[in-house]
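Structure below is final-v7.csv: CSV, C-alpha atoms.
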chain,number,residue,atom,x,y,z
A,44,MET,CA,-1.2,110.3,-79.8
A,45,PHE,CA,-1.3,109.0,-76.2
A,46,ASP,CA,-2.4,105.5,-77.3
A,47,LEU,CA,0.5,105.3,-79.8
A,48,HIS,CA,3.0,106.3,-77.0
A,49,LYS,CA,1.4,103.7,-74.6
A,50,MET,CA,1.6,101.0,-77.3
A,51,ALA,CA,5.3,101.8,-78.0
A,52,MET,CA,6.2,101.6,-74.3
A,53,LEU,CA,4.3,98.3,-73.9
A,54,LEU,CA,6.1,96.9,-76.9
A,55,TRP,CA,9.5,98.0,-75.5
A,56,VAL,CA,8.7,96.4,-72.1
A,57,PHE,CA,7.6,93.2,-73.8
A,58,CYS,CA,10.8,93.0,-76.0
A,59,ASN,CA,13.0,93.6,-73.0
A,60,THR,CA,11.2,91.0,-70.9
A,61,ALA,CA,11.4,88.4,-73.7
A,62,ALA,CA,15.1,89.0,-74.2
A,63,THR,CA,15.8,88.6,-70.5
A,64,THR,CA,13.7,85.4,-70.3
A,65,VAL,CA,15.5,83.8,-73.2
A,66,THR,CA,18.9,84.7,-71.8
A,67,LEU,CA,18.0,83.3,-68.4
A,68,SER,CA,16.5,80.1,-69.8
A,69,ASN,CA,19.7,79.3,-71.7
A,70,ALA,CA,21.8,79.9,-68.6
A,71,GLN,CA,19.7,77.6,-66.5
A,72,GLU,CA,20.4,74.4,-68.5
A,73,PRO,CA,22.1,71.9,-66.2
A,74,ALA,CA,25.8,71.6,-67.0
A,75,ILE,CA,27.4,68.4,-68.4
A,76,SER,CA,31.0,67.4,-68.0
A,77,GLU,CA,33.3,66.6,-70.9
A,78,ARG,CA,33.3,62.9,-69.9
A,79,GLU,CA,29.5,62.9,-69.9
A,80,ARG,CA,29.4,64.8,-73.2
A,81,ARG,CA,31.8,62.3,-74.8
A,82,GLY,CA,29.6,59.4,-73.5
A,83,LEU,CA,26.5,61.1,-75.0
A,84,ALA,CA,28.2,61.5,-78.3
A,85,GLU,CA,29.3,57.9,-78.4
A,86,CYS,CA,25.8,56.7,-77.4
A,87,LEU,CA,24.2,58.8,-80.1
A,88,THR,CA,26.6,57.5,-82.8
A,89,LYS,CA,25.3,53.9,-82.1
A,90,CYS,CA,21.7,55.0,-82.8
A,91,PRO,CA,20.4,54.1,-86.3
A,92,ASP,CA,19.6,57.1,-88.5
A,93,GLY,CA,16.0,58.3,-87.7
A,94,ASP,CA,15.7,56.2,-84.5
A,95,MET,CA,14.1,58.9,-82.2
A,96,LYS,CA,13.6,56.4,-79.4
A,97,CYS,CA,17.3,55.5,-79.3
A,98,ASN,CA,18.3,59.2,-79.4
A,99,ASN,CA,15.9,60.0,-76.5
A,100,ARG,CA,17.3,57.1,-74.4
A,101,CYS,CA,20.8,58.4,-74.9
A,102,ILE,CA,19.8,62.0,-74.0
A,103,SER,CA,17.8,60.8,-70.9
A,104,GLN,CA,20.8,58.7,-69.8
A,105,PHE,CA,23.1,61.7,-69.7
A,106,GLN,CA,20.8,64.2,-67.9
A,107,THR,CA,22.4,63.4,-64.6
A,108,ARG,CA,22.3,67.0,-63.2
A,109,GLY,CA,18.7,67.8,-64.0
A,110,ALA,CA,16.4,67.8,-67.0
A,111,TRP,CA,17.3,69.7,-70.1
A,112,SER,CA,14.8,71.9,-71.9
A,113,ASP,CA,13.0,70.8,-75.0
A,114,ARG,CA,15.2,73.3,-76.9
A,115,ALA,CA,18.4,71.7,-75.6
A,116,ARG,CA,17.1,68.2,-76.4
A,117,ALA,CA,16.1,69.2,-79.9
A,118,CYS,CA,19.5,70.9,-80.4
A,119,ILE,CA,21.2,67.6,-79.5
A,120,ARG,CA,19.0,65.6,-81.9
A,121,ASN,CA,20.0,68.1,-84.6
A,122,CYS,CA,23.6,67.5,-83.8
A,123,ARG,CA,23.0,63.7,-84.2
A,124,ASP,CA,21.2,64.3,-87.5
A,125,GLY,CA,24.2,66.3,-88.8
A,126,HIS,CA,26.8,63.6,-88.0
A,127,HIS,CA,25.9,60.1,-89.2
A,128,GLY,CA,27.5,56.7,-88.5
A,129,ALA,CA,29.4,55.1,-85.7
A,130,THR,CA,32.7,56.7,-86.5
A,131,PRO,CA,35.1,58.7,-84.3
A,132,GLN,CA,34.5,61.6,-86.7
A,133,ALA,CA,30.8,61.5,-86.1
A,134,ALA,CA,31.3,61.3,-82.3
A,135,GLU,CA,33.7,64.3,-82.4
A,136,GLY,CA,31.2,66.2,-84.5
A,137,ILE,CA,28.3,65.5,-82.1
A,138,PHE,CA,30.6,66.4,-79.2
A,139,GLY,CA,31.5,69.7,-80.7
A,140,CYS,CA,28.0,70.6,-81.7
A,141,SER,CA,26.5,69.6,-78.3
A,142,VAL,CA,28.5,72.4,-76.6
A,143,ASN,CA,26.1,74.8,-78.2
A,144,CYS,CA,23.1,72.9,-76.8
A,145,VAL,CA,24.0,72.3,-73.2
A,146,PRO,CA,26.8,74.1,-71.3

In structure tokens, what does this structure look like?
Amino acid sequence: MFDLHKMAMLLWVFCNTAATTVTLSNAQEPAISERERRGLAECLTKCPDGDMKCNNRCISQFQTRGAWSDRARACIRNCRDGHHGATPQAAEGIFGCSVNCVP
């Protein structure tokens, strides 16, 4: 019985620690201005579909206030994948989606 109680407490502590860590890591992403976000979206719309190197160059170019996490970079790549073409609509879609990736 004691071991079950001990395991339950350990699990509770682990879950709370993991939730706090995830929350803090999201909050620590360097911010990006609206102007920078629009520039990033425009840059990404110029990348051919599936061109990871071009996407990475655009992302790196706009990390002006510190490096973004792998999660944020992957999120931005997913935004690009969801909005194809060099159109104003694609740029707006990437812009709107990127708000969820980097504050």

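Here atom CA of Pro146 of chain A stands at a distance of 22.4 Å from atom CA of Cys97 of chain A.
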
Can you list, as a count of residues only, every protein, DNA or RNA residue that comes within 8 Å of Val145 of chain A when you count all atoms listed in the file, leaving out same-chain residues fewer than 6 positions away?
6

Counting only C-alpha atoms, find residues at most 12 Å from (22.4, 60.6, -68.1) (file frame) and give them as number ranges by chain.
A: 73-76, 78-84, 86, 99-111

With 5 Å added on each side, what axis-aligned box encloses every listed atom of segment 115-133 of chain A? Give the centre and edge lengths in Å to one decimal, as JSON.
{"center_x": 25.6, "center_y": 63.4, "center_z": -82.4, "size_x": 29.0, "size_y": 26.6, "size_z": 23.6}

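Of note, atom CA of Arg123 of chain A and atom CA of Leu87 of chain A are spaced 6.5 Å apart.
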
Residue nearest Arg116 of chain A among A:Asn98, A:Glu85, A:Gly93, A:Phe138 (counting all atoms listed in the file)
A:Asn98

How many Å separate atom CA of Ala134 of chain A from atom CA of Thr88 of chain A?
6.1 Å

Restricting to all atoms listed in the file, whichever of A:Ala129, A:Cys144, A:Ile137, A:Ile119 is closest to Met95 of chain A is A:Ile119

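Ranking A:Gly136, A:Asp113, A:His127, A:Cys122 by their shortest atom-to-atom distance to Pro91 of chain A, with all atoms listed in the file included, puts A:His127 first.
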
Between A:Ser112, A:Asp92, A:Glu77, A:Val142, which residue has the minimum interatomic distance to Gly125 of chain A, considering all atoms listed in the file?
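Checking each candidate against Gly125 of chain A, we get A:Asp92 as the closest.
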